[in-house]
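Note: the block below is work-v1.pdb and it holds PDB, C-alpha atoms.
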ATOM      1  CA  MET R   1     139.939 125.227  73.482
ATOM      2  CA  THR R   2     138.718 125.900  69.953
ATOM      3  CA  TYR R   3     137.480 129.401  68.976
ATOM      4  CA  SER R   4     135.528 130.425  65.930
ATOM      5  CA  HIS R   5     137.168 132.625  63.283
ATOM      6  CA  GLU R   6     135.075 135.593  64.429
ATOM      7  CA  VAL R   7     136.281 135.283  68.008
ATOM      8  CA  GLU R   8     139.905 134.842  66.884
ATOM      9  CA  GLN R   9     139.721 138.241  65.118
ATOM     10  CA  MET R  10     138.398 140.066  68.194
ATOM     11  CA  CYS R  11     140.699 142.183  70.341
ATOM     12  CA  PRO R  12     140.813 141.323  74.091
ATOM     13  CA  VAL R  13     138.880 143.443  76.583
ATOM     14  CA  THR R  14     139.858 143.079  80.235
ATOM     15  CA  LYS R  15     137.177 141.704  82.494
ATOM     16  CA  GLY R  16     136.176 143.853  85.459
ATOM     17  CA  PRO R  17     135.850 142.798  89.112
ATOM     18  CA  HIS R  18     135.036 139.158  89.779
ATOM     19  CA  HIS R  19     132.806 138.741  92.836
ATOM     20  CA  GLY R  20     132.161 135.009  92.519
ATOM     21  CA  PRO R  21     128.853 133.336  93.300
ATOM     22  CA  ALA R  22     126.356 134.748  95.760
ATOM     23  CA  PRO R  23     126.800 133.213  99.213
ATOM     24  CA  ILE R  24     124.232 130.640 100.349
ATOM     25  CA  PRO R  25     123.407 129.577 103.929
ATOM     26  CA  GLU R  26     124.845 126.191 104.860
ATOM     27  CA  GLU R  27     124.745 124.744 108.366
ATOM     28  CA  GLY R  28     125.079 128.094 110.091
ATOM     29  CA  LYS R  29     127.628 129.610 107.656
ATOM     30  CA  TRP R  30     127.484 131.734 104.512
ATOM     31  CA  VAL R  31     129.286 129.817 101.777
ATOM     32  CA  LYS R  32     130.321 130.757  98.244
ATOM     33  CA  ALA R  33     129.930 127.446  96.449
ATOM     34  CA  TYR R  34     132.430 126.927  93.636
ATOM     35  CA  GLN R  35     132.330 123.133  93.533
ATOM     36  CA  ILE R  36     130.255 120.214  94.811
ATOM     37  CA  SER R  37     132.501 119.706  97.852
ATOM     38  CA  ASP R  38     131.407 123.151  99.072
ATOM     39  CA  ILE R  39     127.828 121.913  99.613
ATOM     40  CA  SER R  40     126.410 120.634 102.913
ATOM     41  CA  GLY R  41     122.910 120.321 104.366
ATOM     42  CA  LEU R  42     120.032 118.067 105.372
ATOM     43  CA  THR R  43     116.649 118.412 103.722
ATOM     44  CA  HIS R  44     113.614 116.615 102.292
ATOM     45  CA  GLY R  45     112.086 116.477  98.825
ATOM     46  CA  VAL R  46     109.075 114.825  97.204
ATOM     47  CA  GLY R  47     108.943 113.196  93.774
ATOM     48  CA  TRP R  48     106.270 111.520  91.656
ATOM     49  CA  CYS R  49     106.261 109.106  88.741
ATOM     50  CA  ALA R  50     105.005 109.811  85.216
ATOM     51  CA  PRO R  51     101.567 108.181  85.666
ATOM     52  CA  GLN R  52     101.427 109.864  89.111
ATOM     53  CA  GLN R  53     100.333 106.654  90.805
ATOM     54  CA  GLY R  54     103.063 106.841  93.433
ATOM     55  CA  ALA R  55     105.178 109.328  95.355
ATOM     56  CA  CYS R  56     108.522 109.348  97.149
ATOM     57  CA  LYS R  57     109.734 111.430 100.066
ATOM     58  CA  LEU R  58     113.526 111.512 100.059
ATOM     59  CA  THR R  59     115.671 112.833 102.902
ATOM     60  CA  LEU R  60     119.407 113.385 102.375
ATOM     61  CA  ASN R  61     122.135 114.488 104.768
ATOM     62  CA  VAL R  62     124.991 115.903 102.688
ATOM     63  CA  LYS R  63     128.406 116.715 104.149
ATOM     64  CA  ASN R  64     131.058 118.353 101.944
ATOM     65  CA  GLY R  65     129.203 117.358  98.805
ATOM     66  CA  VAL R  66     128.861 113.665  99.721
ATOM     67  CA  ILE R  67     125.609 111.957 100.721
ATOM     68  CA  GLU R  68     126.236 110.507 104.170
ATOM     69  CA  GLU R  69     122.652 109.521 104.953
ATOM     70  CA  ALA R  70     119.516 108.726 102.961
ATOM     71  CA  LEU R  71     115.960 108.004 104.055
ATOM     72  CA  VAL R  72     113.652 106.820 101.250
ATOM     73  CA  GLU R  73     109.903 106.684 101.943
ATOM     74  CA  THR R  74     107.458 105.629  99.231
ATOM     75  CA  LEU R  75     103.694 105.536  98.826
ATOM     76  CA  GLY R  76     101.178 104.101  96.419
ATOM     77  CA  CYS R  77     103.190 101.720  94.231
ATOM     78  CA  SER R  78     104.389  98.247  95.172
ATOM     79  CA  GLY R  79     107.269  98.314  92.679
ATOM     80  CA  MET R  80     108.466 101.603  94.117
ATOM     81  CA  THR R  81     109.171 100.010  97.498
ATOM     82  CA  HIS R  82     111.683  97.663  95.902
ATOM     83  CA  SER R  83     113.199 100.544  93.972
ATOM     84  CA  ALA R  84     113.555 102.369  97.291
ATOM     85  CA  ALA R  85     115.543  99.424  98.654
ATOM     86  CA  MET R  86     117.961  99.760  95.737
ATOM     87  CA  ALA R  87     118.157 103.550  96.075
ATOM     88  CA  GLY R  88     118.968 103.150  99.767
ATOM     89  CA  GLU R  89     122.039 101.130  98.793
ATOM     90  CA  ILE R  90     123.009 103.355  95.868
ATOM     91  CA  LEU R  91     122.833 106.864  97.350
ATOM     92  CA  PRO R  92     125.200 106.956 100.383
ATOM     93  CA  GLY R  93     128.783 107.699  99.393
ATOM     94  CA  LYS R  94     127.890 109.452  96.145
ATOM     95  CA  THR R  95     128.296 113.167  95.601
ATOM     96  CA  ILE R  96     125.002 114.941  95.020
ATOM     97  CA  LEU R  97     126.038 115.510  91.391
ATOM     98  CA  GLU R  98     126.675 111.780  90.940
ATOM     99  CA  ALA R  99     123.325 110.986  92.549
ATOM    100  CA  LEU R 100     121.520 113.458  90.299
ATOM    101  CA  ASN R 101     122.911 111.632  87.285
ATOM    102  CA  THR R 102     122.297 108.111  88.629
ATOM    103  CA  ASP R 103     119.299 106.010  87.624
ATOM    104  CA  LEU R 104     117.539 105.413  90.933
ATOM    105  CA  VAL R 105     115.275 102.865  89.202
ATOM    106  CA  CYS R 106     111.941 104.599  89.934
ATOM    107  CA  ASP R 107     110.758 107.844  88.324
ATOM    108  CA  ALA R 108     109.394 109.128  91.619
ATOM    109  CA  ILE R 109     112.734 108.639  93.387
ATOM    110  CA  ASN R 110     114.594 110.252  90.491
ATOM    111  CA  VAL R 111     112.266 113.270  90.621
ATOM    112  CA  ALA R 112     112.703 113.529  94.398
ATOM    113  CA  MET R 113     116.491 113.516  93.870
ATOM    114  CA  ARG R 114     116.151 116.312  91.306
ATOM    115  CA  GLU R 115     114.039 118.424  93.644
ATOM    116  CA  LEU R 116     116.442 117.830  96.540
ATOM    117  CA  PHE R 117     119.453 118.758  94.414
ATOM    118  CA  LYS R 118     117.934 122.148  93.637
ATOM    119  CA  GLN R 119     117.133 122.826  97.283
ATOM    120  CA  ILE R 120     120.569 121.820  98.513
ATOM    121  CA  VAL R 121     122.694 123.688  95.975
ATOM    122  CA  TYR R 122     120.604 126.846  96.458
ATOM    123  CA  GLY R 123     120.983 126.668 100.240
ATOM    124  CA  ARG R 124     117.281 125.998 100.877
ATOM    125  CA  THR R 125     117.859 123.195 103.387
ATOM    126  CA  GLN R 126     116.305 122.396 106.746
ATOM    127  CA  THR R 127     119.729 122.999 108.317
ATOM    128  CA  ALA R 128     120.638 126.197 106.466
ATOM    129  CA  PHE R 129     120.932 128.188 109.691
ATOM    130  CA  SER R 130     121.796 125.345 112.102
ATOM    131  CA  GLU R 131     125.423 125.493 113.210
ATOM    132  CA  ASP R 132     127.273 122.373 111.998
ATOM    133  CA  GLY R 133     123.987 120.969 110.663
ATOM    134  CA  LEU R 134     122.598 117.684 111.985
ATOM    135  CA  PRO R 135     124.492 114.471 112.768
ATOM    136  CA  VAL R 136     124.278 111.492 110.437
ATOM    137  CA  GLY R 137     121.204 109.543 111.526
ATOM    138  CA  ALA R 138     119.047 112.610 112.152
ATOM    139  CA  SER R 139     116.488 111.630 109.510
ATOM    140  CA  LEU R 140     115.307 108.764 111.722
ATOM    141  CA  GLU R 141     113.722 111.345 114.016
ATOM    142  CA  ASP R 142     111.068 111.861 111.330
ATOM    143  CA  LEU R 143     109.923 108.278 111.802
ATOM    144  CA  GLY R 144     109.232 108.484 115.527
ATOM    145  CA  LYS R 145     109.028 105.513 117.895
ATOM    146  CA  GLY R 146     109.078 102.161 116.188
ATOM    147  CA  LEU R 147     110.780 103.664 113.113
ATOM    148  CA  ARG R 148     107.679 103.672 110.890
ATOM    149  CA  SER R 149     106.837 106.290 108.300
ATOM    150  CA  MET R 150     104.043 108.694 109.195
ATOM    151  CA  THR R 151     101.126 107.737 106.962
ATOM    152  CA  GLY R 152      97.522 108.770 106.603
ATOM    153  CA  THR R 153      95.111 106.587 104.636
ATOM    154  CA  ILE R 154      91.517 107.754 104.283
ATOM    155  CA  PHE R 155      88.871 106.360 101.938
ATOM    156  CA  SER R 156      85.480 107.952 101.336
ATOM    157  CA  THR R 157      82.514 107.873  98.968
ATOM    158  CA  LYS R 158      79.518 110.119  98.542
ATOM    159  CA  ALA R 159      77.222 107.146  99.019
ATOM    160  CA  LYS R 160      78.762 105.668 102.170
ATOM    161  CA  GLY R 161      80.897 108.396 103.730
ATOM    162  CA  VAL R 162      84.393 108.300 105.171
ATOM    163  CA  ARG R 163      86.561 105.404 106.399
ATOM    164  CA  TYR R 164      89.667 106.124 108.481
ATOM    165  CA  LEU R 165      92.197 103.356 107.758
ATOM    166  CA  GLU R 166      95.511 104.615 109.142
ATOM    167  CA  LEU R 167      96.602 107.854 110.790
ATOM    168  CA  THR R 168      99.663 109.118 112.640
ATOM    169  CA  GLU R 169      98.661 107.268 115.801
ATOM    170  CA  GLY R 170      98.543 103.945 113.970
ATOM    171  CA  TYR R 171      96.380 101.335 112.255
ATOM    172  CA  ILE R 172      92.679 102.113 112.715
ATOM    173  CA  THR R 173      90.646  99.150 113.995
ATOM    174  CA  ARG R 174      87.286 100.800 114.746
ATOM    175  CA  VAL R 175      85.589 104.087 113.922
ATOM    176  CA  ALA R 176      83.173 105.569 116.454
ATOM    177  CA  LEU R 177      79.844 106.979 115.223
ATOM    178  CA  ASP R 178      77.277 109.114 117.038
ATOM    179  CA  GLU R 179      73.466 108.949 116.786
ATOM    180  CA  ASN R 180      73.623 110.708 113.385
ATOM    181  CA  ASN R 181      76.216 108.217 112.104
ATOM    182  CA  GLU R 182      78.887 110.939 112.097
ATOM    183  CA  ALA R 183      82.465 109.906 112.901
ATOM    184  CA  ILE R 184      83.449 111.180 116.354
ATOM    185  CA  GLY R 185      86.582 109.156 117.106
ATOM    186  CA  TYR R 186      88.490 105.978 116.435
ATOM    187  CA  GLU R 187      90.446 103.131 117.982
ATOM    188  CA  PHE R 188      93.973 102.444 116.779
ATOM    189  CA  VAL R 189      96.943 100.115 117.236
ATOM    190  CA  ARG R 190     100.491 101.466 117.453
ATOM    191  CA  LEU R 191     102.036  98.932 115.090
ATOM    192  CA  GLY R 192     105.598 100.159 115.497
ATOM    193  CA  LYS R 193     105.527  99.968 119.296
ATOM    194  CA  MET R 194     103.667  96.639 119.193
ATOM    195  CA  MET R 195     106.290  95.036 116.965
ATOM    196  CA  GLU R 196     109.051  96.467 119.129
ATOM    197  CA  MET R 197     107.539  94.778 122.221
ATOM    198  CA  ILE R 198     107.128  91.478 120.353
ATOM    199  CA  ARG R 199     110.795  91.619 119.319
ATOM    200  CA  GLN R 200     111.676  92.083 122.975
ATOM    201  CA  GLY R 201     109.853  88.857 123.878
ATOM    202  CA  VAL R 202     106.422  90.123 124.946
ATOM    203  CA  ASP R 203     103.534  87.830 123.999
ATOM    204  CA  ALA R 204     101.868  89.049 120.808
ATOM    205  CA  ASN R 205      98.379  89.293 122.313
ATOM    206  CA  GLU R 206      99.693  91.202 125.332
ATOM    207  CA  ALA R 207     101.716  93.522 123.082
ATOM    208  CA  TYR R 208      98.594  94.161 121.000
ATOM    209  CA  LYS R 209      96.463  95.040 124.026
ATOM    210  CA  LYS R 210      99.111  97.388 125.441
ATOM    211  CA  ASN R 211      99.263  99.342 122.215
ATOM    212  CA  VAL R 212      95.560  99.904 121.611
ATOM    213  CA  GLY R 213      94.468 103.514 122.067
ATOM    214  CA  THR R 214      91.546 105.772 121.211
ATOM    215  CA  TYR R 215      91.078 109.298 119.921
ATOM    216  CA  GLY R 216      88.191 111.742 120.096
ATOM    217  CA  ARG R 217      84.847 110.895 121.752
ATOM    218  CA  PHE R 218      85.356 107.188 121.189
ATOM    219  CA  ALA R 219      83.846 106.130 124.535
ATOM    220  CA  ASN R 220      80.645 108.112 123.894
ATOM    221  CA  ALA R 221      79.803 106.540 120.548
ATOM    222  CA  ALA R 222      76.370 105.188 119.681
ATOM    223  CA  LYS R 223      78.041 102.427 117.664
ATOM    224  CA  TYR R 224      81.347 101.282 116.262
ATOM    225  CA  ILE R 225      82.268 100.027 112.787
ATOM    226  CA  ASP R 226      85.225  98.197 111.299
ATOM    227  CA  PRO R 227      86.319 100.597 108.504
ATOM    228  CA  ARG R 228      87.626  97.712 106.392
ATOM    229  CA  GLU R 229      84.555  95.489 106.653
ATOM    230  CA  GLN R 230      81.509  97.680 107.247
TER     231      GLN R 230
END
As a first step, turn the structure in this file into structure tokens.
Amino acid sequence: MTYSHEVEQMCPVTKGPHHGPAPIPEEGKWVKAYQISDISGLTHGVGWCAPQQGACKLTLNVKNGVIEEALVETLGCSGMTHSAAMAGEILPGKTILEALNTDLVCDAINVAMRELFKQIVYGRTQTAFSEDGLPVGASLEDLGKGLRSMTGTIFSTKAKGVRYLELTEGYITRVALDENNEAIGYEFVRLGKMMEMIRQGVDANEAYKKNVGTYGRFANAAKYIDPREQ
């Protein structure tokens, strides 16, 4: 350690009590974090790229400072999906400090990692008060049946109104309109469940029919439109 001349000439003054860092909640315990290995928790964060044309939702499950599980969900940029594939390989096994200082290829994923790091090291996690946290694999519960990200895609114009394209239930095939041409419901296909049935050997047409559903006053509509064509 090198000291300046001014510091060398100073007389020593004894430091008073040392209380350490303030405790943070981690998986049902209050922890004084002195090093990265003291950090545990599962939480989510959202990041965006510089031109703000895409976003990333990142979920990490950290145990004793090491990322044991990562779920990378991206939206709005085709290149970002490939970056997510790389980030999914890169993140597990790294400490959260390593991950913070790793190029995760896409700005949005890097920003999500930054936001997650702050939440985790400050004890602001989803599992802060959950004893022993959540098991590795818990992030898949966010995806639901069929393991597909929850997405909502809506397009609208002043001239032609709204078009529902995809919602939590699934891919929208038809929008129901009443006598005033107001949307009153829609028909959807559960893509995740449909693909699961096809993988299990069910005929594709049968799997499609079994996963068609409706929402709202769909049956009472005056007419129906294809939101992608009409």
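The nearest approach to Glu26 in chain R among the residues R:Ser149, R:Gln119, R:Thr168, R:Thr59, with only C-alpha atoms taken into account, belongs to R:Gln119.
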Output check: residues returned by the PyMOL selection byres ((chain R and resi 35-43) around 7), as a PyMOL selection string: chain R and resi 26-27+33-34+44-45+59-65+120-121+125-128+133
Taking C-alpha atoms for each residue, export the selection above as a PDB file, in the coordinates of the input.
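This went into part-v7.pdb:
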ATOM      1  CA  GLU R  26     124.845 126.191 104.860  1.00  0.00           C
ATOM      2  CA  GLU R  27     124.745 124.744 108.366  1.00  0.00           C
ATOM      3  CA  ALA R  33     129.930 127.446  96.449  1.00  0.00           C
ATOM      4  CA  TYR R  34     132.430 126.927  93.636  1.00  0.00           C
ATOM      5  CA  HIS R  44     113.614 116.615 102.292  1.00  0.00           C
ATOM      6  CA  GLY R  45     112.086 116.477  98.825  1.00  0.00           C
ATOM      7  CA  THR R  59     115.671 112.833 102.902  1.00  0.00           C
ATOM      8  CA  LEU R  60     119.407 113.385 102.375  1.00  0.00           C
ATOM      9  CA  ASN R  61     122.135 114.488 104.768  1.00  0.00           C
ATOM     10  CA  VAL R  62     124.991 115.903 102.688  1.00  0.00           C
ATOM     11  CA  LYS R  63     128.406 116.715 104.149  1.00  0.00           C
ATOM     12  CA  ASN R  64     131.058 118.353 101.944  1.00  0.00           C
ATOM     13  CA  GLY R  65     129.203 117.358  98.805  1.00  0.00           C
ATOM     14  CA  ILE R 120     120.569 121.820  98.513  1.00  0.00           C
ATOM     15  CA  VAL R 121     122.694 123.688  95.975  1.00  0.00           C
ATOM     16  CA  THR R 125     117.859 123.195 103.387  1.00  0.00           C
ATOM     17  CA  GLN R 126     116.305 122.396 106.746  1.00  0.00           C
ATOM     18  CA  THR R 127     119.729 122.999 108.317  1.00  0.00           C
ATOM     19  CA  ALA R 128     120.638 126.197 106.466  1.00  0.00           C
ATOM     20  CA  GLY R 133     123.987 120.969 110.663  1.00  0.00           C
TER      21      GLY R 133
END
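Of the residues under consideration (R:Leu97, R:Gly146, R:His18, R:Asn220), R:Gly146 shows the shortest atom-to-atom contact distance to Ile198 in chain R when counting only C-alpha atoms.
Put simply, CA of Arg174 in chain R is 24.2 Å away from CA of Val202 in chain R.
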Hits from the PyMOL selection byres ((chain R and resi 73) around 8), listed as number ranges by chain: R: 56-58, 71-72, 74-75, 84, 149
Nearest to Lys32 in chain R by atom-to-atom distance, counting all atoms listed in the file, from R:Cys49, R:Tyr122, R:Gly170, R:Phe117: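 Smallest separation from Lys32 in chain R among the options: R:Tyr122.
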Give as a JSON list (two decimals) with C-alpha atoms, in the frame of the given file every residue, naming chains and numbers as the document does, that has an atom within 10 Å of (120.9, 105.6, 98.8), counting all atoms listed in the file.
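Saved to part06.json:
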[["chain", "number", "residue", "atom", "x", "y", "z"],
["R", 58, "LEU", "CA", 113.53, 111.51, 100.06],
["R", 59, "THR", "CA", 115.67, 112.83, 102.90],
["R", 60, "LEU", "CA", 119.41, 113.38, 102.38],
["R", 67, "ILE", "CA", 125.61, 111.96, 100.72],
["R", 68, "GLU", "CA", 126.24, 110.51, 104.17],
["R", 69, "GLU", "CA", 122.65, 109.52, 104.95],
["R", 70, "ALA", "CA", 119.52, 108.73, 102.96],
["R", 71, "LEU", "CA", 115.96, 108.00, 104.06],
["R", 72, "VAL", "CA", 113.65, 106.82, 101.25],
["R", 84, "ALA", "CA", 113.56, 102.37, 97.29],
["R", 85, "ALA", "CA", 115.54, 99.42, 98.65],
["R", 86, "MET", "CA", 117.96, 99.76, 95.74],
["R", 87, "ALA", "CA", 118.16, 103.55, 96.08],
["R", 88, "GLY", "CA", 118.97, 103.15, 99.77],
["R", 89, "GLU", "CA", 122.04, 101.13, 98.79],
["R", 90, "ILE", "CA", 123.01, 103.36, 95.87],
["R", 91, "LEU", "CA", 122.83, 106.86, 97.35],
["R", 92, "PRO", "CA", 125.20, 106.96, 100.38],
["R", 93, "GLY", "CA", 128.78, 107.70, 99.39],
["R", 94, "LYS", "CA", 127.89, 109.45, 96.14],
["R", 99, "ALA", "CA", 123.32, 110.99, 92.55],
["R", 104, "LEU", "CA", 117.54, 105.41, 90.93]]
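Relative to CA of Leu165 in chain R, CA of Thr153 in chain R is found at 5.4 Å.
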Counting all atoms listed in the file, the option among R:Ala221, R:Ala159, R:Leu147, R:Ala138 closest to Met195 in chain R: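 Closest to Met195 in chain R of all the choices is R:Leu147.
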The PyMOL selection byres ((chain R and resi 105) around 10) resolved against shown file, as a PyMOL selection string: chain R and resi 79-80+82-84+86-87+102-104+106-110
Starting from 4 Å padding per side, set up an axis-aligned box that covers all listed atoms of range 28-38 of chain R and hand over centre and edge lengths in Å, one decimal, as JSON.
{"center_x": 128.8, "center_y": 125.7, "center_z": 101.8, "size_x": 15.4, "size_y": 20.0, "size_z": 24.6}
Residue nearest Ala112 in chain R among R:Leu134, R:Val66, R:Lys15, R:Ala55 (counting all atoms listed in the file):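 Under the stated criterion, the closest residue is R:Ala55.
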All residues 12 Å or closer to Ala207 in chain R, all atoms listed in the file, same chain fewer than 6 positions away omitted, as a count of residues only: 13
CA of Gln52 in chain R to CA of Thr81 in chain R, distance in Å rounded to a single decimal: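 Answer for the CA of Gln52 in chain R to CA of Thr81 in chain R separation: 15.1 Å.
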Contacts of Tyr186 in chain R at 6 Å (only C-alpha atoms; same-chain gap of 4+ positions) as a list in words: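 The filter keeps Arg174, Val175, Ala176, Thr214, Tyr215 and Phe218 of chain R.
Residues in contact range of Tyr224 in chain R, defined as at most 12 Å between only C-alpha atoms, with sequence neighbours fewer than 6 positions away removed, read Arg163, Ile172, Thr173, Arg174, Val175, Ala176, Leu177, Asp178, Glu179, Asn181, Glu182, Ala183, Ile184, Gly185, Tyr186, Glu187, Arg217, Phe218 and Gln230 of chain R.
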Selected residues, C-alpha atoms, written as a PDB file, in the coordinates of the input, please.
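File selection-v7.pdb, as written:
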ATOM      1  CA  ARG R 163      86.561 105.404 106.399  1.00  0.00           C
ATOM      2  CA  ILE R 172      92.679 102.113 112.715  1.00  0.00           C
ATOM      3  CA  THR R 173      90.646  99.150 113.995  1.00  0.00           C
ATOM      4  CA  ARG R 174      87.286 100.800 114.746  1.00  0.00           C
ATOM      5  CA  VAL R 175      85.589 104.087 113.922  1.00  0.00           C
ATOM      6  CA  ALA R 176      83.173 105.569 116.454  1.00  0.00           C
ATOM      7  CA  LEU R 177      79.844 106.979 115.223  1.00  0.00           C
ATOM      8  CA  ASP R 178      77.277 109.114 117.038  1.00  0.00           C
ATOM      9  CA  GLU R 179      73.466 108.949 116.786  1.00  0.00           C
ATOM     10  CA  ASN R 181      76.216 108.217 112.104  1.00  0.00           C
ATOM     11  CA  GLU R 182      78.887 110.939 112.097  1.00  0.00           C
ATOM     12  CA  ALA R 183      82.465 109.906 112.901  1.00  0.00           C
ATOM     13  CA  ILE R 184      83.449 111.180 116.354  1.00  0.00           C
ATOM     14  CA  GLY R 185      86.582 109.156 117.106  1.00  0.00           C
ATOM     15  CA  TYR R 186      88.490 105.978 116.435  1.00  0.00           C
ATOM     16  CA  GLU R 187      90.446 103.131 117.982  1.00  0.00           C
ATOM     17  CA  ARG R 217      84.847 110.895 121.752  1.00  0.00           C
ATOM     18  CA  PHE R 218      85.356 107.188 121.189  1.00  0.00           C
ATOM     19  CA  GLN R 230      81.509  97.680 107.247  1.00  0.00           C
TER      20      GLN R 230
END
